[in-house]
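*Asks:* Next up is a structure, given as structure tokens.
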Amino acid sequence: MGREERAVKAKTKVPPVSVAVTSEQREEFASEARRRGLGVSTTIRNLAVERTTQLRDERQRERARRWQTQRMLALADRIDSGQVGEASQEEIDRIFAEVETPAEGPSAVSADG
């Protein structure tokens, strides 16, 4: 087993947690343990850590989504109230045309080199 494949070990010793499982659940854990090449207890611990990490990440994404939605709704309200102007397609095209036009003057490179 390489360094990357080693089981996660507890950083500090704490009393173990005992959990009752059915014989079907025990067999599922044993099967997963064989697949991972780990002991049953280590597999159960790793599965618990993996799942709690997933739950934490899902909560964080949901908070971010709510924050972004609130920001978007606030901006939409500002646009609707006229606090934020809108650009016409002609204004957008003019701005891009100005940027795409090569600069003239001493810093411009001529076609002759």
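Following the order of the structure tokens, chains are lettered A, B, ..., residues in each are numbered from 1, and ligands are numbered from 1.
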Write out as a list in words the residues lying within 9 Å of Ser41 (chain A), counting only C-alpha atoms and excluding same-chain residues fewer than 5 positions away.
*Replies:*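 Close residues of Ser41 (chain A): Phe29, Ala33 and Asn46 of chain A.
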*Asks:* Chain A: which residues are helix (DSSP H, G or I) by DSSP, as a PyMOL selection string?
*Replies:* chain A and resi 3-5+23-36+40-80+89-100
*Asks:* List as a list of chain:residue names the protein and nucleic acid residues near region 14-25 of chain A, meaning an atom at most 12 Å away when only C-alpha atoms are counted, but skip any in the same chain fewer than 2 places from it.
*Replies:*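 So, after excluding close chain neighbours, the residues are A:Lys9, A:Ala10, A:Lys11, A:Thr12, A:Glu27, A:Glu28, A:Phe29, A:Ala30, A:Ser31, A:Glu32, A:Val40, A:Ser41, A:Thr42, A:Ile44, A:Arg45, A:Ala48.
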*Asks:* May I ask for the distance between CA of Val49 (chain A) and CA of Gly37 (chain A), given in Å to one decimal place?
*Replies:*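 These two atoms are separated by 17.3 Å.
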